[in-house]
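To be precise, the following lines are input-v9.txt, and they hold compact mmCIF, C-alpha atoms.
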```
# COMPACT_ATOMS: atom_id res chain seq x y z
CA MET T 7 -12.38 -26.83 10.09
CA ARG T 8 -11.41 -23.53 8.53
CA ASN T 9 -10.57 -22.05 11.96
CA ALA T 10 -8.46 -25.09 12.86
CA LYS T 11 -6.50 -24.70 9.62
CA ARG T 12 -5.92 -21.02 10.32
CA ILE T 13 -4.68 -21.77 13.86
CA PHE T 14 -2.32 -24.41 12.47
CA MET T 15 -0.85 -21.92 10.00
CA ILE T 16 -0.35 -19.29 12.72
CA LEU T 17 1.41 -21.81 14.96
CA GLY T 18 3.65 -22.81 12.06
CA LEU T 19 4.62 -19.20 11.40
CA LEU T 20 5.37 -18.64 15.07
CA ALA T 21 7.57 -21.72 15.08
CA VAL T 22 9.58 -20.45 12.11
CA LEU T 23 9.87 -17.00 13.70
CA GLY T 24 11.07 -18.57 16.94
CA LEU T 25 13.69 -20.55 15.05
CA LEU T 26 15.00 -17.40 13.37
CA LEU T 27 15.14 -15.54 16.67
CA ASN T 28 17.04 -18.38 18.31
CA CYS T 29 19.58 -18.41 15.47
CA GLY T 30 20.27 -14.71 16.08
CA GLY T 31 22.73 -12.89 13.88
CA GLY T 32 22.04 -10.03 11.53
CA TYR T 33 23.12 -8.32 8.35
CA ILE T 34 25.53 -5.48 7.67
CA ARG T 35 25.95 -3.24 4.63
CA VAL T 36 29.49 -3.32 3.26
CA LYS T 37 30.88 -0.56 1.05
CA MET T 38 33.74 -1.40 -1.29
CA LEU T 39 35.52 -0.15 -4.39
CA GLU T 40 35.13 -2.31 -7.50
CA PRO T 41 37.87 -2.19 -10.18
CA ALA T 42 37.13 -1.15 -13.75
CA GLN T 43 36.41 -4.02 -16.12
CA ILE T 44 38.12 -2.16 -18.98
CA PHE T 45 41.44 -0.71 -17.86
CA LEU T 46 42.78 2.33 -19.74
CA PRO T 47 46.22 2.89 -18.15
CA ASN T 48 47.22 5.79 -20.40
CA VAL T 49 43.95 7.70 -20.04
CA LYS T 50 43.73 10.18 -17.19
CA THR T 51 41.92 13.15 -18.74
CA ILE T 52 38.81 12.75 -20.89
CA ALA T 53 36.76 15.08 -23.05
CA ILE T 54 33.17 14.24 -23.98
CA SER T 55 31.94 15.27 -27.40
CA ASP T 56 28.37 16.05 -28.41
CA PHE T 57 26.61 12.79 -29.15
CA SER T 58 24.65 12.21 -32.34
CA ALA T 59 21.33 10.47 -32.95
CA THR T 60 20.30 8.32 -35.89
CA ILE T 61 16.59 8.72 -35.09
CA MET T 62 14.42 11.46 -36.54
CA TYR T 63 13.74 14.46 -34.31
CA ASN T 64 9.96 14.20 -34.72
CA ARG T 65 10.10 10.82 -32.95
CA TYR T 66 11.41 12.28 -29.73
CA LYS T 67 10.49 15.98 -29.76
CA ARG T 68 7.39 15.23 -27.66
CA TYR T 69 9.71 14.30 -24.77
CA ASN T 70 10.95 17.91 -24.71
CA GLU T 71 14.60 16.91 -24.91
CA ASN T 72 17.24 16.00 -27.47
CA PRO T 73 18.40 12.44 -26.63
CA ALA T 74 21.90 13.03 -28.03
CA LEU T 75 22.42 16.11 -25.88
CA ALA T 76 20.76 14.42 -22.89
CA PHE T 77 23.18 11.47 -23.14
CA SER T 78 26.20 13.77 -23.38
CA ASN T 79 25.03 15.64 -20.27
CA SER T 80 24.26 12.46 -18.30
CA LEU T 81 27.60 10.85 -19.11
CA THR T 82 29.50 14.01 -18.23
CA GLN T 83 27.82 14.33 -14.84
CA ILE T 84 28.26 10.65 -13.96
CA LEU T 85 31.94 10.72 -14.92
CA ILE T 86 32.47 13.86 -12.83
CA ASN T 87 30.71 12.24 -9.86
CA ASN T 88 32.85 9.10 -10.24
CA ALA T 89 35.98 11.31 -9.99
CA PHE T 90 38.44 8.74 -11.40
CA TYR T 91 39.09 10.72 -14.58
CA LYS T 92 39.56 14.44 -15.02
CA VAL T 93 36.73 15.57 -17.30
CA ILE T 94 37.11 18.52 -19.67
CA GLU T 95 33.99 20.62 -20.24
CA ARG T 96 32.27 19.84 -23.51
CA THR T 97 32.08 23.54 -24.45
CA GLN T 98 35.90 23.69 -24.52
CA LEU T 99 36.07 20.67 -26.83
CA ASN T 100 33.37 22.10 -29.11
CA GLN T 101 35.19 25.41 -29.33
CA ILE T 102 38.49 23.76 -30.31
CA MET T 103 36.74 21.48 -32.82
CA ALA T 104 35.03 24.49 -34.44
CA GLU T 105 38.22 26.56 -34.53
CA GLN T 106 40.20 23.70 -36.08
CA GLN T 107 37.28 22.76 -38.39
CA LEU T 108 37.32 19.17 -37.14
CA SER T 109 34.60 16.59 -36.55
CA ILE T 110 34.57 13.45 -34.42
CA SER T 111 33.41 11.24 -37.28
CA GLY T 112 36.25 12.34 -39.54
CA LEU T 113 38.94 12.72 -36.92
CA THR T 114 42.43 11.88 -38.19
CA GLN T 115 45.53 11.10 -36.17
CA ALA T 116 46.93 14.58 -36.83
CA GLY T 117 43.62 16.18 -35.86
CA SER T 118 43.30 14.18 -32.65
CA GLN T 119 46.88 14.99 -31.66
CA LYS T 120 46.16 18.69 -32.19
CA ILE T 121 43.09 18.49 -29.91
CA GLY T 122 45.10 16.61 -27.30
CA LYS T 123 47.80 19.26 -27.30
CA LEU T 124 45.35 22.17 -27.10
CA LEU T 125 43.09 20.65 -24.42
CA GLY T 126 45.52 18.43 -22.55
CA VAL T 127 43.30 15.35 -22.86
CA ASP T 128 44.18 11.70 -23.40
CA ALA T 129 40.91 10.50 -24.94
CA ILE T 130 37.56 11.63 -26.28
CA ILE T 131 34.26 9.87 -25.66
CA SER T 132 31.66 10.06 -28.41
CA GLY T 133 28.32 8.34 -28.78
CA VAL T 134 25.47 7.57 -31.14
CA VAL T 135 21.89 7.18 -29.89
CA SER T 136 20.04 4.72 -32.13
CA ASP T 137 16.81 4.34 -30.14
CA TYR T 138 15.04 6.60 -27.68
CA SER T 139 11.38 5.72 -27.86
CA THR T 140 8.21 4.84 -26.01
CA HIS T 141 5.13 2.99 -27.15
CA ASP T 142 1.74 2.98 -25.42
CA SER T 143 -0.73 0.14 -25.60
CA GLY T 144 -3.55 -1.30 -23.53
CA GLU T 145 -6.55 -3.56 -23.28
CA TRP T 146 -9.73 -4.06 -21.29
CA VAL T 147 -9.51 -6.92 -18.79
CA ASN T 148 -11.82 -8.52 -16.25
CA VAL T 149 -10.30 -8.36 -12.78
CA LYS T 150 -11.43 -10.83 -10.15
CA LYS T 151 -12.20 -9.28 -6.74
CA TYR T 152 -13.59 -10.57 -3.46
CA ASN T 153 -16.47 -9.15 -1.44
CA SER T 154 -15.68 -9.97 2.19
CA LYS T 155 -19.15 -9.04 3.44
CA GLU T 156 -21.02 -11.19 0.94
CA LYS T 157 -18.18 -13.73 0.87
CA LYS T 158 -18.16 -14.13 -2.87
CA TYR T 159 -16.08 -13.20 -5.89
CA TYR T 160 -17.08 -10.78 -8.62
CA TYR T 161 -15.47 -9.24 -11.73
CA VAL T 162 -14.69 -5.61 -12.55
CA LYS T 163 -13.86 -4.41 -16.04
CA MET T 164 -10.65 -2.38 -15.97
CA TYR T 165 -8.31 -0.85 -18.53
CA LYS T 166 -4.74 -2.14 -18.39
CA ALA T 167 -2.37 0.50 -19.84
CA LEU T 168 1.23 -0.23 -20.81
CA ARG T 169 4.05 2.19 -21.64
CA ARG T 170 7.11 0.51 -23.09
CA ALA T 171 10.36 2.47 -23.32
CA ARG T 172 13.59 1.53 -25.07
CA VAL T 173 16.96 3.23 -25.23
CA GLU T 174 19.96 2.14 -27.28
CA VAL T 175 23.34 3.86 -27.59
CA THR T 176 26.91 3.12 -28.66
CA PHE T 177 29.85 4.70 -26.81
CA LYS T 178 33.32 5.06 -28.31
CA ILE T 179 36.55 6.11 -26.62
CA ILE T 180 39.09 7.56 -29.06
CA ASP T 181 42.81 7.65 -28.25
CA ILE T 182 43.88 11.24 -28.74
CA THR T 183 47.45 10.25 -29.67
CA THR T 184 46.69 7.73 -32.40
CA GLY T 185 43.09 8.54 -33.35
CA GLN T 186 42.26 4.86 -32.85
CA ILE T 187 39.15 3.56 -31.06
CA LEU T 188 40.14 2.14 -27.68
CA VAL T 189 36.65 1.05 -26.63
CA SER T 190 33.38 0.58 -28.48
CA LYS T 191 30.43 -0.58 -26.40
CA SER T 192 26.74 -0.76 -27.29
CA TYR T 193 23.99 -0.83 -24.68
CA SER T 194 20.24 -1.25 -24.84
CA GLN T 195 17.78 -0.99 -22.00
CA GLU T 196 14.03 -1.51 -21.87
CA LYS T 197 11.34 -0.90 -19.29
CA THR T 198 7.56 -1.37 -19.22
CA ALA T 199 5.33 0.62 -16.88
CA LYS T 200 1.84 -0.70 -16.09
CA SER T 201 -1.34 0.82 -14.73
CA GLN T 202 -4.82 -0.61 -14.20
CA LYS T 203 -7.85 1.63 -13.57
CA THR T 204 -11.57 1.56 -14.24
CA THR T 205 -11.29 4.08 -17.12
CA ARG T 206 -8.83 4.31 -19.98
CA MET T 207 -7.93 7.93 -19.24
CA ALA T 208 -7.31 7.27 -15.54
CA SER T 209 -5.10 4.31 -16.35
CA VAL T 210 -3.02 6.20 -18.94
CA ASN T 211 -2.69 9.23 -16.67
CA ALA T 212 -1.42 7.01 -13.87
CA LEU T 213 1.54 5.87 -15.97
CA PRO T 214 4.95 7.53 -15.37
CA LEU T 215 5.80 10.23 -17.90
CA ALA T 216 7.64 8.98 -20.99
CA LYS T 217 10.43 11.49 -20.32
CA THR T 218 10.85 10.14 -16.79
CA ILE T 219 11.17 6.51 -17.92
CA LEU T 220 13.61 7.42 -20.71
CA SER T 221 15.71 9.52 -18.33
CA SER T 222 15.94 6.60 -15.91
CA LEU T 223 17.05 4.21 -18.66
CA ARG T 224 19.56 6.76 -19.98
CA ASN T 225 21.15 7.21 -16.57
CA GLN T 226 21.30 3.44 -16.01
CA ILE T 227 23.14 2.95 -19.30
CA ALA T 228 25.55 5.84 -18.70
CA THR T 229 26.28 4.51 -15.19
CA ASN T 230 26.90 0.99 -16.52
CA PHE T 231 29.38 2.37 -19.07
CA VAL T 232 31.25 4.47 -16.50
CA ASN T 233 31.39 1.48 -14.15
CA GLN T 234 33.09 -0.53 -16.90
CA ILE T 235 35.85 2.01 -17.52
CA ALA T 236 36.40 3.34 -13.97
CA PRO T 237 36.63 1.97 -10.43
CA HIS T 238 33.34 2.54 -8.64
CA THR T 239 31.66 2.07 -5.28
CA ILE T 240 29.36 -0.89 -4.71
CA TYR T 241 27.36 -1.98 -1.67
CA LYS T 242 26.68 -5.54 -0.61
CA SER T 243 24.86 -7.22 2.25
CA GLU T 244 26.78 -9.62 4.50
CA ARG T 245 25.40 -11.99 7.11
CA LEU T 246 26.74 -12.15 10.66
CA ILE T 247 25.92 -15.18 12.82
CA SER T 248 25.41 -15.45 16.56
CA GLY T 249 26.14 -17.98 19.26
CA LYS T 250 25.02 -18.65 22.80
CA ASP T 251 27.23 -16.00 24.37
CA ALA T 252 25.32 -12.75 25.02
CA ARG T 253 28.27 -10.68 23.76
CA PHE T 254 27.46 -11.63 20.17
CA LYS T 255 24.52 -9.25 20.29
CA SER T 256 26.73 -6.26 21.14
CA GLY T 257 29.35 -7.22 18.55
CA ILE T 258 26.74 -7.47 15.81
CA LYS T 259 25.19 -4.13 16.79
CA PHE T 260 28.60 -2.43 16.60
CA ALA T 261 29.29 -4.07 13.22
CA GLN T 262 25.93 -2.91 11.87
CA GLY T 263 26.98 0.63 12.79
CA SER T 264 30.38 0.11 11.06
CA LEU T 265 32.10 0.54 14.45
CA TRP T 266 34.82 -1.99 13.70
CA ASP T 267 37.10 -0.88 16.55
CA ASN T 268 34.32 -1.92 18.91
CA ALA T 269 33.05 -5.02 17.10
CA ILE T 270 36.39 -6.72 16.36
CA PRO T 271 37.63 -6.86 20.00
CA ILE T 272 34.32 -8.45 21.07
CA PHE T 273 34.49 -11.17 18.42
CA SER T 274 38.20 -11.68 19.21
CA ASP T 275 37.39 -12.29 22.88
CA LEU T 276 34.70 -14.75 21.83
CA THR T 277 37.37 -16.90 20.09
CA LYS T 278 38.48 -17.90 23.61
CA SER T 279 35.11 -19.50 24.30
CA PRO T 280 35.05 -23.24 25.19
CA ASN T 281 31.88 -23.65 23.13
CA PRO T 282 32.68 -24.89 19.57
CA LYS T 283 29.56 -23.22 18.12
CA ASP T 284 30.55 -19.88 19.63
CA LEU T 285 34.08 -20.31 18.29
CA LYS T 286 32.80 -21.01 14.81
CA ALA T 287 30.49 -17.99 14.85
CA ALA T 288 33.18 -15.70 16.30
CA TYR T 289 35.77 -16.64 13.68
CA TYR T 290 33.23 -16.25 10.90
CA ASP T 291 32.10 -12.83 12.14
CA LEU T 292 35.73 -11.71 12.37
CA SER T 293 36.15 -12.76 8.76
CA ILE T 294 33.21 -10.59 7.74
CA CYS T 295 34.52 -7.63 9.76
CA TYR T 296 37.93 -7.77 8.08
CA GLU T 297 36.28 -8.16 4.70
CA ALA T 298 34.32 -4.98 5.42
CA ILE T 299 37.52 -3.01 6.12
CA GLY T 300 39.30 -4.51 3.11
CA ASP T 301 41.82 -6.76 4.86
CA TYR T 302 41.24 -9.92 2.83
CA ASP T 303 44.31 -11.77 4.16
CA LYS T 304 42.96 -11.67 7.71
CA ALA T 305 39.44 -12.39 6.46
CA LEU T 306 40.71 -15.57 4.78
CA ARG T 307 42.63 -16.65 7.89
CA TYR T 308 39.55 -16.29 10.05
CA ILE T 309 37.24 -18.07 7.60
CA ASP T 310 39.73 -20.99 7.61
CA SER T 311 39.54 -21.03 11.42
CA ALA T 312 35.74 -21.07 11.26
CA LEU T 313 35.79 -23.95 8.78
CA GLN T 314 37.76 -26.08 11.24
CA TYR T 315 34.55 -26.32 13.29
CA GLY T 316 32.36 -27.45 10.39
CA ALA T 317 32.34 -26.95 6.62
CA ASP T 318 29.02 -25.16 6.16
CA SER T 319 28.20 -24.49 2.51
CA PHE T 320 27.77 -20.74 2.97
CA MET T 321 31.20 -20.53 4.67
CA ILE T 322 32.81 -22.42 1.79
CA ARG T 323 31.18 -19.99 -0.66
CA LYS T 324 32.46 -17.10 1.46
CA LYS T 325 36.04 -18.38 1.23
CA THR T 326 35.77 -18.61 -2.55
CA GLU T 327 34.32 -15.10 -2.67
CA LEU T 328 37.11 -13.72 -0.48
CA ASN T 329 39.74 -15.14 -2.85
CA VAL T 330 37.99 -13.41 -5.76
CA LEU T 331 37.82 -10.15 -3.80
CA LYS T 332 41.53 -10.38 -3.03
CA GLN T 333 42.29 -10.71 -6.74
CA LYS T 334 40.02 -7.75 -7.50
CA ARG T 335 41.80 -5.70 -4.83
CA ALA T 336 45.15 -6.33 -6.56
CA LYS T 337 43.61 -5.26 -9.86
CA LEU T 338 42.10 -2.16 -8.24
CA MET T 339 45.42 -1.12 -6.67
CA GLU T 340 47.09 -1.38 -10.07
CA GLN T 341 44.44 0.87 -11.59
CA LEU T 342 44.69 3.44 -8.80
CA TYR T 343 48.49 3.40 -8.97
CA ASN T 344 48.41 4.09 -12.71
CA LYS T 345 45.85 6.91 -12.43
```
What would the structure in this file look like if it were written as C-alpha cells?
Amino acid sequence: MRNAKRIFMILGLLAVLGLLLNCGGGYIRVKMLEPAQIFLPNVKTIAISDFSATIMYNRYKRYNENPALAFSNSLTQILINNAFYKVIERTQLNQIMAEQQLSISGLTQAGSQKIGKLLGVDAIISGVVSDYSTHDSGEWVNVKKYNSKEKKYYYVKMYKALRRARVEVTFKIIDITTGQILVSKSYSQEKTAKSQKTTRMASVNALPLAKTILSSLRNQIATNFVNQIAPHTIYKSERLISGKDARFKSGIKFAQGSLWDNAIPIFSDLTKSPNPKDLKAAYYDLSICYEAIGDYDKALRYIDSALQYGADSFMIRKKTELNVLKQKRAKLMEQLYNK
C-alpha cells in the first residue's frame, strides 16, 4: 500500500513537470532605474555630519564600534556609490563647523548659509541613533527525530539560542540656505538569529556575531533612506512565454542573455505566424523585451496586441504595471533633468 502511494506521488510529480516543460518559456532579469520617492530639486551637493547617539556608550562598546560614527560612515559610502548627489567629505564639514564654532543641533539660518558658502553644499544630512542593541536568550527544547534503521521516532534535548538585534535611527536633511529641515525620516529594523545545538555553548557560538547583525541592519536602513531621496537601480524578474514554434526557444535564450538585438527580431518574425497561440506569445514577449530596454510605449502597444488573442489575468496585470512604469519613467526623467 505504501509503495503504491509512493508510485502515485512520483507519477503526479512527473505529470506536473511534463506540463511545465510543455508550456516552455523562461524568466529574465530586468535592470531598471527607480525614481526617488522624495524629490529634492534644489539639492545637488550634500555634506554628511557626524551622527549622535542617545544610547549610553557602555551599551554598545562590546560591539567594538560607535554606532553614531558607523551610521555616518555607512550613509556616506552608500550615497557615494549611488552617485546621484555630490558628497562632501565629512572631515571638511567638521573642520568648517569647528572653525566657525557651529553645531548641527543649534544651526541658525546665518550659520547654515555660511557653511553653504564655504563648502559649496546645498544640504546637510544629520542623524540620531536611538537604538543599537542585541539581546540573547534561549531555552532547552525536545527535538523530534527519526531513526530510519529502526523506523521509529525519538527525542533529543537541544538548546535553542536566540540573538535579537534592533537598530533605530532618525535622519534629517537641512536646507543650507534657510536652515529648515527638508526631510525627517525615522527607521527601525529588527532581526533574530537562531541556532540549535546539543549544548548551550555550541548553540550560542553558532550564532552570527552581534556586530555582524547590527552592521547588516545599519546598511539596510541607510540604503532604504538613500533609495527614498535618490534614483536607484532595482532588479525584477519577468516571465517570457513560449509557443509551438521552435524559434521561441532561441528568442528566449537571447533575451535571458540581454541580447535584445537578437531576441526582438525573432519575436517580431513570430508575429507573422498563422497560429493564434504563437501570435499571443510573440506579442507578449516583445512587450517584455521593450519593457527591459525602457521603451514603455512600444511595450504597451505589444501587450495590447497580445490581449487581442485572449485576456489572460497576468497580461492584464502586466498592462497595468507598464502604465505605472511609464509614469515612473516621466518622474525619473524630471529628477535626472533637475540634477
Can you tell me, as a ChimeraX atom specification, what residues are no more than 12 Å from Lys197 (chain T) when counting all atoms listed in the file, ignoring any on the same chain fewer than 2 positions away?
/T:138-141,168-173,194-195,199-200,214,216,218-224,226
Near Asp301 (chain T), within 12 Å and counting all atoms listed in the file, which residues show up once chain neighbours fewer than 3 positions away are dropped, as a PyMOL selection string?
chain T and resi 38+292-298+304-308+328-329+331-332+335-336
Proximity to Ala59 (chain T) - best of T:Val175, T:Gly32, T:Tyr160, T:Lys217, only C-alpha atoms:
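Residue with the minimum atom-to-atom distance to Ala59 (chain T): T:Val175.
Counting all atoms listed in the file, the residue from T:Thr239, T:Asp251, T:Asp137, T:Ile258 that sits nearest to Lys278 (chain T) is T:Asp251.
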May I have the residues within 8 Å of Glu95 (chain T) as a PyMOL selection string, using all atoms listed in the file and disregarding those fewer than 3 positions away in the same chain?
chain T and resi 53-54+98-99
